[in-house]
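Structure data (compact mmCIF, C-alpha atoms) from work_39.txt:
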```txt
# COMPACT_ATOMS: atom_id res chain seq x y z
CA MET A 49 42.59 310.37 66.13
CA PRO A 50 44.66 307.28 67.08
CA SER A 51 44.60 304.40 64.62
CA PRO A 52 42.68 301.31 65.83
CA ARG A 53 44.77 298.51 67.29
CA PRO A 54 44.84 295.17 65.47
CA PRO A 55 42.92 292.29 67.05
CA ALA A 56 44.52 290.46 69.96
CA ALA A 57 44.87 287.26 67.91
CA ILE A 58 47.10 289.09 65.43
CA ARG A 59 49.06 291.01 68.09
CA ALA A 60 49.73 288.01 70.33
CA PRO A 61 52.56 286.37 68.30
CA PHE A 62 54.53 289.64 68.27
CA GLU A 63 53.93 290.92 71.82
CA GLY A 64 56.80 291.10 74.26
CA ARG A 65 54.68 289.21 76.80
CA THR A 66 54.54 286.21 74.45
CA TRP A 67 58.26 286.16 73.78
CA ARG A 68 59.09 286.52 77.46
CA ALA A 69 56.83 283.56 78.23
CA PHE A 70 58.53 281.62 75.42
CA GLY A 71 61.92 282.40 76.95
CA TYR A 72 60.61 281.30 80.35
CA VAL A 73 59.60 277.89 78.97
CA LEU A 74 62.87 277.45 77.07
CA ILE A 75 65.01 278.24 80.10
CA GLY A 76 62.76 276.21 82.37
CA LEU A 77 63.60 272.80 80.93
CA PRO A 78 67.39 272.73 81.56
CA LEU A 79 66.94 274.37 84.96
CA SER A 80 64.22 271.91 85.97
CA VAL A 81 66.34 268.94 84.89
CA CYS A 82 69.20 270.32 86.97
CA TRP A 83 66.97 270.96 90.03
CA PHE A 84 65.40 267.50 89.70
CA ALA A 85 68.68 265.64 89.33
CA LEU A 86 70.37 267.38 92.26
CA SER A 87 67.31 267.08 94.50
CA VAL A 88 66.73 263.39 93.80
CA SER A 89 70.40 262.57 94.24
CA LEU A 90 70.85 264.41 97.52
CA VAL A 91 67.52 263.40 99.03
CA SER A 92 68.10 259.76 98.09
CA ALA A 93 71.58 259.88 99.58
CA GLY A 94 70.27 261.54 102.74
CA ALA A 95 67.42 259.05 103.12
CA GLY A 96 69.81 256.16 102.59
CA LEU A 97 72.20 257.49 105.21
CA LEU A 98 69.54 258.09 107.85
CA VAL A 99 70.55 254.84 109.51
CA THR A 100 73.68 256.77 110.41
CA PHE A 101 74.01 260.30 111.67
CA LEU A 102 75.32 261.48 108.28
CA GLY A 103 71.85 261.28 106.72
CA VAL A 104 70.52 264.22 108.75
CA PRO A 105 72.99 266.89 107.53
CA VAL A 106 72.82 265.57 103.96
CA LEU A 107 69.02 265.75 103.95
CA ALA A 108 69.06 269.20 105.57
CA GLY A 109 71.59 270.36 102.98
CA ALA A 110 69.37 269.01 100.18
CA LEU A 111 66.39 270.97 101.49
CA ALA A 112 68.52 274.11 101.88
CA LEU A 113 69.71 273.69 98.28
CA CYS A 114 66.07 273.39 97.16
CA ARG A 115 65.36 276.72 98.88
CA GLY A 116 68.22 278.16 96.83
CA PHE A 117 66.54 276.82 93.69
CA GLY A 118 63.42 278.67 94.80
CA VAL A 119 65.32 281.97 94.85
CA VAL A 120 66.29 281.45 91.19
CA GLU A 121 62.78 280.41 90.17
CA ARG A 122 61.13 283.37 91.88
CA ALA A 123 63.60 285.75 90.21
CA ARG A 124 62.93 284.11 86.83
CA ALA A 125 59.16 284.40 87.29
CA ARG A 126 59.53 288.03 88.37
CA ALA A 127 61.69 288.96 85.36
CA LEU A 128 59.86 287.05 82.60
CA LEU A 129 56.29 286.60 83.86
CA GLY A 130 55.88 289.71 86.01
CA LEU A 131 54.95 287.47 88.96
CA ASP A 132 56.26 288.87 92.23
CA VAL A 133 56.20 286.12 94.86
CA ALA A 134 57.53 286.95 98.31
CA ALA A 135 60.24 284.76 99.78
CA PRO A 136 59.08 282.25 102.41
CA GLU A 137 59.78 282.71 106.06
CA PRO A 138 63.51 282.27 106.82
CA VAL A 139 64.83 279.26 108.70
CA ARG A 140 65.91 280.15 112.22
CA GLY A 141 67.22 277.70 114.77
CA ARG A 142 66.44 278.23 118.42
CA THR A 143 70.07 278.35 119.53
CA GLY A 144 71.80 279.43 116.35
CA GLY A 145 74.01 276.33 116.22
CA PRO A 146 74.33 273.92 113.27
CA PHE A 147 72.18 271.21 114.87
CA SER A 148 69.46 273.71 115.67
CA TRP A 149 69.60 274.98 112.08
CA MET A 150 69.33 271.45 110.65
CA GLY A 151 66.32 270.76 112.83
CA ALA A 152 64.66 273.99 111.72
CA VAL A 153 65.27 273.18 108.03
CA LEU A 154 63.81 269.68 108.39
CA LYS A 155 60.75 270.99 110.24
CA SER A 156 60.14 273.86 107.81
CA GLY A 157 57.13 273.29 105.57
CA ALA A 158 58.52 275.78 103.05
CA SER A 159 61.62 273.60 102.57
CA TRP A 160 59.54 270.54 101.75
CA ARG A 161 57.36 272.57 99.37
CA HIS A 162 60.52 273.62 97.51
CA LEU A 163 61.52 269.95 97.23
CA LEU A 164 58.04 269.10 95.94
CA TYR A 165 58.41 271.88 93.33
CA ALA A 166 61.67 270.33 92.10
CA PHE A 167 59.93 266.95 91.70
CA VAL A 168 56.72 268.21 90.11
CA HIS A 169 58.08 270.90 87.81
CA MET A 170 60.49 268.70 85.86
CA PRO A 171 57.87 266.54 84.06
CA TRP A 172 55.72 269.61 83.50
CA ALA A 173 58.69 271.50 82.06
CA VAL A 174 59.40 268.61 79.65
CA PHE A 175 55.79 268.61 78.45
CA SER A 176 55.40 272.37 78.10
CA PHE A 177 58.82 272.70 76.41
CA SER A 178 58.07 269.95 73.89
CA VAL A 179 54.63 271.23 72.92
CA THR A 180 55.70 274.88 72.82
CA VAL A 181 58.79 274.30 70.68
CA ALA A 182 56.80 272.03 68.34
CA PHE A 183 54.01 274.58 67.89
CA TRP A 184 56.44 277.49 67.61
CA GLY A 185 58.84 275.73 65.24
CA TRP A 186 56.23 274.20 62.95
CA GLY A 187 54.11 277.33 62.94
CA TRP A 188 56.82 279.74 61.82
CA SER A 189 58.37 277.16 59.46
CA LEU A 190 55.09 276.48 57.65
CA LEU A 191 54.09 280.14 57.65
CA THR A 192 57.32 281.09 55.88
CA TYR A 193 57.31 277.99 53.59
CA PRO A 194 56.83 280.08 50.40
CA LEU A 195 60.12 281.86 51.23
CA TRP A 196 62.29 278.75 51.57
CA GLN A 197 60.47 276.13 49.45
CA TRP A 198 63.02 276.66 46.67
CA THR A 199 65.72 275.00 48.80
CA PHE A 200 64.21 271.53 48.23
CA PRO A 201 64.73 271.30 44.45
CA ALA A 202 67.99 273.23 44.68
CA TYR A 203 69.73 271.25 47.45
CA VAL A 204 67.65 268.22 48.50
CA GLY A 205 66.65 266.89 45.07
CA GLN A 206 62.89 266.86 45.70
CA ASP A 207 60.04 269.20 44.79
CA GLY A 208 59.07 270.24 48.34
CA ILE A 209 58.08 268.91 51.76
CA GLN A 210 57.22 265.23 51.36
CA LEU A 211 53.89 264.21 52.85
CA TYR A 212 53.92 260.61 51.62
CA GLY A 213 56.39 258.26 49.93
CA ASP A 214 56.60 254.46 49.45
CA GLY A 215 59.58 254.11 47.14
CA THR A 216 57.59 254.38 43.89
CA HIS A 217 55.19 257.20 44.65
CA GLY A 218 55.60 260.43 46.57
CA LEU A 219 53.39 263.36 47.49
CA TYR A 220 55.13 266.72 47.75
CA LEU A 221 53.88 270.20 48.65
CA ASP A 222 55.05 271.94 45.52
CA SER A 223 52.08 273.46 43.67
CA PRO A 224 51.10 277.10 44.34
CA PHE A 225 47.85 275.98 45.94
CA GLU A 226 49.59 273.48 48.23
CA ILE A 227 52.20 276.05 49.20
CA ALA A 228 49.46 278.57 50.03
CA VAL A 229 47.55 276.01 52.14
CA THR A 230 50.78 275.09 53.96
CA SER A 231 51.38 278.75 54.78
CA LEU A 232 47.80 279.12 56.07
CA VAL A 233 48.23 276.08 58.31
CA GLY A 234 51.42 277.65 59.63
CA LEU A 235 49.51 280.90 60.29
CA LEU A 236 46.96 278.94 62.30
CA PHE A 237 49.73 277.39 64.39
CA VAL A 238 51.36 280.78 64.93
CA MET A 239 48.09 282.37 66.06
CA VAL A 240 47.13 279.50 68.38
CA GLY A 241 50.63 279.04 69.82
CA PRO A 242 50.73 282.18 72.02
CA TRP A 243 47.46 281.31 73.74
CA LEU A 244 48.63 277.75 74.34
CA LEU A 245 51.87 279.16 75.69
CA ARG A 246 50.02 281.48 78.06
CA GLY A 247 48.07 278.53 79.37
CA PHE A 248 51.32 276.71 80.10
CA VAL A 249 52.87 279.63 81.97
CA ALA A 250 49.62 280.02 83.94
CA VAL A 251 50.36 276.58 85.39
CA ASP A 252 53.93 277.72 86.11
CA ARG A 253 52.56 280.78 87.88
CA PHE A 254 50.38 278.54 90.03
CA LEU A 255 53.29 276.27 90.94
CA VAL A 256 55.65 279.14 91.79
CA ALA A 257 53.06 281.03 93.84
CA GLY A 258 51.74 277.93 95.59
CA LEU A 259 54.99 276.10 96.38
CA LEU A 260 57.76 278.70 96.46
CA GLY A 261 56.07 281.49 98.40
CA PRO A 262 55.31 281.91 102.09
CA SER A 263 52.69 279.72 103.72
CA ARG A 264 49.25 281.08 104.47
CA PRO A 265 49.90 281.40 108.24
CA ALA A 266 53.18 283.21 107.57
CA SER A 267 51.50 285.54 105.08
CA ARG A 268 48.77 286.22 107.58
CA VAL A 269 51.31 287.01 110.29
CA THR A 270 53.11 289.43 107.96
CA GLU A 271 49.81 291.05 107.05
CA LEU A 272 48.84 291.42 110.70
CA GLU A 273 52.23 292.90 111.53
CA SER A 274 51.78 295.41 108.73
CA ASP A 275 48.25 296.22 109.93
CA ARG A 276 49.55 296.67 113.47
CA GLY A 277 52.15 299.12 112.15
CA VAL A 278 49.43 301.04 110.33
CA LEU A 279 47.33 301.20 113.48
CA VAL A 280 50.30 302.40 115.54
CA ASP A 281 51.15 305.07 112.97
CA THR A 282 47.51 306.13 112.75
CA ALA A 283 47.20 306.38 116.53
CA ALA A 284 50.41 308.42 116.70
CA ALA A 285 49.14 310.75 113.95
CA ASP A 286 45.83 311.16 115.80
CA LEU A 287 47.66 312.01 119.01
CA ARG A 288 49.77 314.60 117.20
CA ARG A 289 46.63 316.05 115.63
CA ILE A 290 44.88 316.26 119.00
CA GLU A 291 47.96 317.79 120.63
CA ARG A 292 48.27 320.37 117.83
CA ALA A 293 44.57 321.20 118.02
CA LEU A 294 44.73 321.65 121.79
CA HIS A 295 47.93 323.69 121.65
CA ASP A 296 46.84 325.99 118.84
CA GLY A 297 43.17 326.22 119.81
CA ALA A 298 41.73 325.65 123.23
CA GLN A 299 45.03 326.00 125.10
CA ALA A 300 45.80 329.34 123.47
CA ARG A 301 42.31 330.63 124.18
CA LEU A 302 42.45 329.49 127.79
CA SER A 303 45.83 331.21 128.20
CA ALA A 304 44.33 334.43 126.82
CA LEU A 305 41.35 333.96 129.14
CA ALA A 306 43.64 333.71 132.18
CA MET A 307 45.42 336.90 131.14
CA ASP A 308 42.15 338.78 130.60
CA LEU A 309 40.79 337.67 133.96
CA GLY A 310 44.05 338.72 135.63
CA LEU A 311 43.82 342.20 134.10
CA ALA A 312 40.15 342.45 135.03
CA LYS A 313 40.99 341.56 138.63
CA GLU A 314 43.62 344.31 138.77
CA ARG A 315 41.28 346.95 137.29
CA LEU A 316 38.16 345.92 139.14
CA ALA A 317 38.70 348.42 141.98
CA GLN A 318 40.09 351.31 139.88
CA ASP A 319 38.15 351.02 136.60
CA PRO A 320 35.08 348.77 136.89
CA GLU A 321 33.92 349.55 133.33
CA ALA A 322 37.23 348.43 131.77
CA ALA A 323 37.14 345.35 133.99
CA ALA A 324 33.62 344.57 132.75
CA VAL A 325 34.83 344.80 129.12
CA LEU A 326 37.68 342.38 129.88
CA VAL A 327 35.27 339.98 131.59
CA GLU A 328 32.97 340.13 128.55
CA GLU A 329 35.90 339.31 126.26
CA ALA A 330 36.91 336.45 128.56
CA HIS A 331 33.35 335.13 128.39
CA GLY A 332 33.55 335.07 124.60
CA GLU A 333 36.90 333.24 124.76
CA VAL A 334 35.37 330.63 127.06
CA LYS A 335 32.57 329.98 124.57
CA LEU A 336 35.00 329.62 121.67
CA ALA A 337 37.27 327.32 123.70
CA LEU A 338 34.31 325.13 124.66
CA GLN A 339 33.18 324.95 121.02
CA GLU A 340 36.66 323.93 119.89
CA LEU A 341 36.83 321.26 122.58
CA ARG A 342 33.41 319.94 121.50
CA ASP A 343 34.56 319.80 117.86
CA LEU A 344 37.74 318.02 118.87
CA ALA A 345 35.87 315.46 120.98
CA ARG A 346 33.36 314.98 118.16
CA GLY A 347 36.20 314.17 115.78
CA ILE A 348 37.59 311.53 118.15
CA HIS A 349 34.49 309.68 119.28
CA PRO A 350 31.35 311.75 119.81
CA ALA A 351 28.99 311.06 122.66
CA VAL A 352 26.05 310.68 120.27
CA LEU A 353 27.81 307.73 118.61
CA THR A 354 28.27 305.99 121.95
CA ASP A 355 24.72 306.72 123.12
CA ARG A 356 22.63 306.37 119.94
CA GLY A 357 24.73 304.62 117.30
CA LEU A 358 25.70 305.28 113.69
CA ASP A 359 22.35 306.55 112.44
CA ALA A 360 22.20 309.50 114.84
CA ALA A 361 25.94 310.20 114.70
CA LEU A 362 26.08 310.25 110.88
CA SER A 363 22.95 312.40 110.74
CA ALA A 364 24.69 314.88 113.01
CA VAL A 365 27.74 314.89 110.72
CA ALA A 366 25.52 315.36 107.67
CA SER A 367 23.75 318.32 109.29
CA ARG A 368 27.08 320.12 109.62
CA CYS A 369 28.11 319.45 106.00
CA ALA A 370 28.11 322.42 103.61
CA VAL A 371 26.07 320.48 101.00
CA PRO A 372 22.76 318.67 101.54
CA VAL A 373 23.40 315.07 102.58
CA SER A 374 20.89 312.20 102.68
CA VAL A 375 21.65 309.52 105.28
CA ASP A 376 20.19 306.00 105.13
CA VAL A 377 21.36 303.56 107.83
CA ASP A 378 19.80 300.09 107.74
CA LEU A 379 21.44 297.88 110.36
CA PRO A 380 19.82 295.04 112.33
CA ALA A 381 22.05 295.75 115.33
CA ARG A 382 25.01 297.87 116.34
CA PRO A 383 28.50 296.66 115.40
CA VAL A 384 31.29 296.52 117.95
CA PRO A 385 32.55 299.98 119.03
CA ALA A 386 35.85 299.66 117.11
CA ILE A 387 34.13 298.99 113.77
CA GLU A 388 31.44 301.55 114.53
CA GLY A 389 34.09 304.18 115.27
CA ILE A 390 36.00 303.45 112.03
CA ALA A 391 32.78 303.66 110.00
CA TYR A 392 31.93 307.01 111.64
CA PHE A 393 35.43 308.41 111.11
CA THR A 394 35.47 307.22 107.47
CA VAL A 395 32.14 308.88 106.64
CA SER A 396 33.24 312.07 108.43
CA GLU A 397 36.44 312.26 106.38
CA LEU A 398 34.63 311.48 103.13
CA LEU A 399 32.04 314.18 103.75
CA ARG A 400 34.84 316.60 104.58
CA ASN A 401 36.38 315.79 101.20
CA VAL A 402 33.02 316.38 99.56
CA THR A 403 32.81 319.81 101.18
CA GLU A 404 36.39 320.87 100.42
CA HIS A 405 37.19 319.30 97.05
CA ALA A 406 34.24 317.76 95.23
CA ARG A 407 32.33 320.93 94.22
CA ALA A 408 29.20 318.86 94.69
CA ARG A 409 25.58 320.00 95.00
CA ARG A 410 24.39 316.96 96.92
CA ALA A 411 25.73 313.83 98.66
CA TRP A 412 24.31 310.54 99.85
CA VAL A 413 25.42 308.23 102.67
CA GLU A 414 24.19 304.63 102.87
CA VAL A 415 25.10 302.06 105.51
CA TRP A 416 23.88 298.48 105.51
CA ARG A 417 24.90 294.95 106.41
CA THR A 418 25.41 292.11 103.93
CA ALA A 419 26.39 288.65 105.21
CA ASP A 420 29.39 289.23 107.50
CA ARG A 421 30.31 292.68 106.13
CA LEU A 422 29.35 296.20 107.11
CA MET A 423 28.93 298.23 103.91
CA VAL A 424 29.36 302.00 103.83
CA GLN A 425 28.86 304.01 100.65
CA VAL A 426 29.26 307.76 100.16
CA ARG A 427 28.23 309.29 96.81
CA ASP A 428 28.27 312.82 95.49
CA ASP A 429 27.49 314.56 92.19
CA GLY A 430 30.72 316.57 92.15
CA ALA A 431 33.57 316.95 89.67
CA GLY A 432 35.11 313.51 90.25
CA GLY A 433 38.77 312.69 89.78
CA ALA A 434 39.30 311.41 93.33
CA GLU A 435 42.13 308.87 93.74
CA ALA A 436 43.39 306.80 96.65
CA THR A 437 47.03 307.55 95.82
CA ALA A 438 49.87 308.03 98.28
CA GLY A 439 49.85 311.34 100.08
CA ARG A 440 46.09 311.87 99.79
CA SER A 441 43.47 311.54 102.47
CA LEU A 442 41.81 308.62 100.65
CA ALA A 443 45.07 306.67 100.83
CA ALA A 444 45.22 307.21 104.60
CA LEU A 445 41.59 306.13 104.90
CA SER A 446 42.32 303.02 102.84
CA GLU A 447 45.18 302.09 105.19
CA ARG A 448 43.00 302.66 108.27
CA VAL A 449 40.23 300.50 106.80
CA GLY A 450 42.68 297.81 105.67
CA ALA A 451 44.11 297.57 109.18
CA VAL A 452 40.87 295.86 110.30
CA ASP A 453 40.59 293.64 107.18
CA GLY A 454 38.40 296.15 105.39
CA VAL A 455 38.43 297.34 101.79
CA LEU A 456 38.00 300.85 100.36
CA ALA A 457 37.10 301.20 96.66
CA VAL A 458 36.92 304.50 94.78
CA ASP A 459 34.94 305.02 91.57
CA SER A 460 35.47 308.63 90.51
CA PRO A 461 35.75 309.29 86.76
CA ALA A 462 36.66 312.77 85.58
CA GLY A 463 33.50 314.86 85.59
CA GLY A 464 31.90 312.74 88.31
CA PRO A 465 30.02 311.35 90.02
CA THR A 466 32.15 309.94 92.83
CA THR A 467 31.28 306.78 94.73
CA VAL A 468 33.40 305.52 97.62
CA THR A 469 32.46 302.09 98.94
CA VAL A 470 33.89 300.72 102.17
CA GLU A 471 33.62 297.13 103.40
CA LEU A 472 34.29 296.46 107.06
CA PRO A 473 34.04 293.17 108.96
CA TRP A 474 30.76 292.81 110.80
CA ARG A 475 31.01 291.93 114.46
CA ALA A 476 27.93 292.67 116.53
```

Just give me the structure as structure tokens.
Amino acid sequence: MPSPRPPAAIRAPFEGRTWRAFGYVLIGLPLSVCWFALSVSLVSAGAGLLVTFLGVPVLAGALALCRGFGVVERARARALLGLDVAAPEPVRGRTGGPFSWMGAVLKSGASWRHLLYAFVHMPWAVFSFSVTVAFWGWGWSLLTYPLWQWTFPAYVGQDGIQLYGDGTHGLYLDSPFEIAVTSLVGLLFVMVGPWLLRGFVAVDRFLVAGLLGPSRPASRVTELESDRGVLVDTAAADLRRIERALHDGAQARLSALAMDLGLAKERLAQDPEAAAVLVEEAHGEVKLALQELRDLARGIHPAVLTDRGLDAALSAVASRCAVPVSVDVDLPARPVPAIEGIAYFTVSELLRNVTEHARARRAWVEVWRTADRLMVQVRDDGAGGAEATAGRSLAALSERVGAVDGVLAVDSPAGGPTTVTVELPWRA
């Protein structure tokens, strides 16, 4: 049985997270002073020279230098705070020339945010450095006072730390009780210091993420590009799946059907009974081919979904599931076909997982609308342990749902039950 961990208040002063944050604050002050001094000098020089042409390249160079500072700050936050902030959108001139580049730098909002960071972070770094070092230094010094109190009478010529003195009277921390109280005060400082430090670096996290990262429009563009890539990959995978299903299923059966009908035609005059057997076999192949084509079409976008909506389509899927499935669809109207199709495909895949992997006795499907979201939930009483990790069907479903600004959440502890909740944007 593992031994219980000590309380967080006792662990905090010794955790690596605390010491990394302390190192971040210590390094931050000299760097911030450097960034501030260079930024103010260059920007002031550039602004002063704007009456001449020289001010433009100087100001553009100052902003480019500030973007270089941002590279260092993001790397420092990543290494010491575990904060991974993406680089802002790069500066690109229209023509690629130096004048075009200078214009792009001056018009870039990210460049001005980096300059603002250099201005704002310096006073904050001074404050956080001063308070942190004071708390840290006094805390550990007072906590260990019983270990080094003997240095005062031995080398300083006084009994201990002097609290008060006016030339004739002095108050020193030298009695056992006073030494013990001093150590307890130091312990209080040591225990409070890490939480104060974490509050300081929380502000640093906010500044780095807010001023040194990409803008919201740029982040949204990157997200949409990623979603478009997911949709393209998903469409390509669906096409390959359809092609494979047609090639291995219906196409093969239809080829066999053509051969059987050809043999039956040749034997019809000589051996009518053998020809009848071949025709009967061909009839069976036609039925199987039609069933496979129906299943394939149902997996793409079934006619019942187009004609009657999610309630009827999901009920049809549930009726084909190997375990009993209860379906409850409560929607005031039908969503747009794209969202409706993704909801149908998601439930179909989840019920397929229930049949193949969950070892469940029963499953439930619920669909409803809340505010501007379409909610889909599939539950089962199976063995649990489902994860949306890379290489699994749930991961592919999560990507497909995320491509339309949806969210897929899996709650599946070992031993079950499993609940998969999907949020999709509602557009009627």

### Task
Write out as a list in words the residues lying within 12 Å of Gly258 (chain A), counting only C-alpha atoms and excluding same-chain residues fewer than 2 positions away.
Gly118, Arg122, Val133, Ala134, Ala135, Pro136, Ala158, Arg161, His162, Leu164, Tyr165, Val251, Asp252, Arg253, Phe254, Leu255, Val256, Leu260, Gly261, Pro262, Ser263 and Arg264 of chain A

### Query
Which of these residues is nearest to Leu399 (chain A), using all atoms listed in the file: A:Val377, A:Ala56, A:Val468, A:Ala386?
A:Val468

### Query
Contacts of Ala250 (chain A) at 12 Å or less, counting all atoms listed in the file, minus same-chain residues fewer than 2 places along, as a VMD selection string?
chain A and resid 69 72 to 73 125 129 to 131 176 243 to 248 252 to 257

### Task
Rank nothing, just name the residue among A:Val375, A:Ile209, A:Val352, A:Val249 nearest to Thr180 (chain A), using all atoms listed in the file.
A:Val249

### Message
Report, in Å to a single decimal, how far apart CA of Val81 (chain A) and CA of Phe167 (chain A) are.
### Response
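It comes out at 9.6 Å.
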
### Message
Can you tell me which residues surround Gly187 (chain A) at a distance of at most 8 Å, considering all atoms listed in the file, apart from same-chain residues fewer than 6 positions away, and format the answer as a list in words?
### Response
Val233, Gly234, Leu235, Leu236, Phe237, Val238 and Gly241 of chain A

### Pick from A:Val452, A:Leu154, A:Val395, A:Val181 nearest to Ala366 (chain A), counting all atoms listed in the file
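Among the listed residues, A:Val395 lies closest to Ala366 (chain A).
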
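Considering only C-alpha atoms, the residue among A:Leu163, A:Val415, A:Ala173, A:Met423 positioned nearest to Gly76 (chain A) is A:Ala173.
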
### Residue nearest Pro473 (chain A) among A:Leu445, A:Ala419, A:Val426, A:Pro171 (counting all atoms listed in the file)
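Of A:Leu445, A:Ala419, A:Val426, A:Pro171, the one nearest Pro473 (chain A) is A:Ala419, counting all atoms listed in the file.
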
### Query
What gap, in Å, lies between CA of Asp459 (chain A) and CA of Leu362 (chain A)?
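Rounded to one decimal, the two atoms are 21.9 Å apart.
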
## Note on the structure
If you count all atoms listed in the file, the residue of A:Thr230, A:Thr418, A:Ser363, A:Ser178 closest to Thr192 (chain A) turns out to be A:Thr230

Six-sided padding of 6 Å per side, axis-aligned box over region 359-362 of chain A, centre and edges in Å, one decimal, as JSON:
```
{"center_x": 24.1, "center_y": 308.4, "center_z": 112.9, "size_x": 15.9, "size_y": 15.7, "size_z": 16.0}
```

### Message
Would you compute the distance between CA of Ser374 (chain A) and CA of Ala451 (chain A)? Give it in Å to one decimal.
### Response
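The value is 28.2 Å.
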
### Task
Considering all atoms listed in the file, return as a VMD selection string whatever protein or nucleic-acid residues lie within 9 Å of Pro194 (chain A), sequence-local ones (same chain, fewer than 6 positions apart) excluded.
chain A and resid 224 227 to 228 230 to 231

#### Entry: Expected residue set, 10 Å radius at (70.0, 273.6, 108.5), only C-alpha atoms, as a VMD selection string
chain A and resid 104 to 112 139 to 141 144 to 156

### Task
Would you mind listing what lies within 9 Å of Ala166 (chain A) as a PyMOL selection string, with only C-alpha atoms counted and same-chain residues fewer than 5 positions away left out?
chain A and resi 80-81+83-85+87-88+114+117-118+161

Could you please fill out region 171-186 of chain A with N, CA and C atoms and send it back as an mmCIF file, in the frame of the given file?
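File written: selection.cif
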```
data_model
loop_
_atom_site.group_PDB
_atom_site.id
_atom_site.type_symbol
_atom_site.label_atom_id
_atom_site.label_comp_id
_atom_site.auth_asym_id
_atom_site.auth_seq_id
_atom_site.Cartn_x
_atom_site.Cartn_y
_atom_site.Cartn_z
ATOM 1 N N PRO A 171 58.705 267.104 85.129
ATOM 2 C CA PRO A 171 57.870 266.540 84.060
ATOM 3 C C PRO A 171 56.988 267.576 83.373
ATOM 4 N N TRP A 172 56.519 268.550 84.129
ATOM 5 C CA TRP A 172 55.720 269.610 83.500
ATOM 6 C C TRP A 172 56.555 270.441 82.545
ATOM 7 N N ALA A 173 57.807 270.729 82.926
ATOM 8 C CA ALA A 173 58.690 271.500 82.060
ATOM 9 C C ALA A 173 58.985 270.741 80.769
ATOM 10 N N VAL A 174 59.165 269.412 80.857
ATOM 11 C CA VAL A 174 59.400 268.610 79.650
ATOM 12 C C VAL A 174 58.196 268.700 78.714
ATOM 13 N N PHE A 175 56.997 268.560 79.281
ATOM 14 C CA PHE A 175 55.790 268.610 78.450
ATOM 15 C C PHE A 175 55.586 269.976 77.818
ATOM 16 N N SER A 176 55.648 271.036 78.634
ATOM 17 C CA SER A 176 55.400 272.370 78.100
ATOM 18 C C SER A 176 56.482 272.774 77.099
ATOM 19 N N PHE A 177 57.742 272.393 77.345
ATOM 20 C CA PHE A 177 58.820 272.700 76.410
ATOM 21 C C PHE A 177 58.586 272.004 75.071
ATOM 22 N N SER A 178 58.246 270.721 75.124
ATOM 23 C CA SER A 178 58.070 269.950 73.890
ATOM 24 C C SER A 178 56.928 270.512 73.047
ATOM 25 N N VAL A 179 55.786 270.743 73.676
ATOM 26 C CA VAL A 179 54.630 271.230 72.920
ATOM 27 C C VAL A 179 54.877 272.647 72.407
ATOM 28 N N THR A 180 55.462 273.498 73.236
ATOM 29 C CA THR A 180 55.700 274.880 72.820
ATOM 30 C C THR A 180 56.677 274.958 71.658
ATOM 31 N N VAL A 181 57.790 274.253 71.755
ATOM 32 C CA VAL A 181 58.790 274.300 70.680
ATOM 33 C C VAL A 181 58.203 273.704 69.397
ATOM 34 N N ALA A 182 57.409 272.626 69.529
ATOM 35 C CA ALA A 182 56.800 272.030 68.340
ATOM 36 C C ALA A 182 55.845 273.010 67.667
ATOM 37 N N PHE A 183 54.958 273.612 68.452
ATOM 38 C CA PHE A 183 54.010 274.580 67.890
ATOM 39 C C PHE A 183 54.753 275.771 67.294
ATOM 40 N N TRP A 184 55.720 276.292 68.048
ATOM 41 C CA TRP A 184 56.440 277.490 67.610
ATOM 42 C C TRP A 184 57.259 277.186 66.346
ATOM 43 N N GLY A 185 57.994 276.055 66.384
ATOM 44 C CA GLY A 185 58.840 275.730 65.240
ATOM 45 C C GLY A 185 58.041 275.414 63.990
ATOM 46 N N TRP A 186 57.051 274.541 64.107
ATOM 47 C CA TRP A 186 56.230 274.200 62.950
ATOM 48 C C TRP A 186 55.434 275.393 62.441
#
```
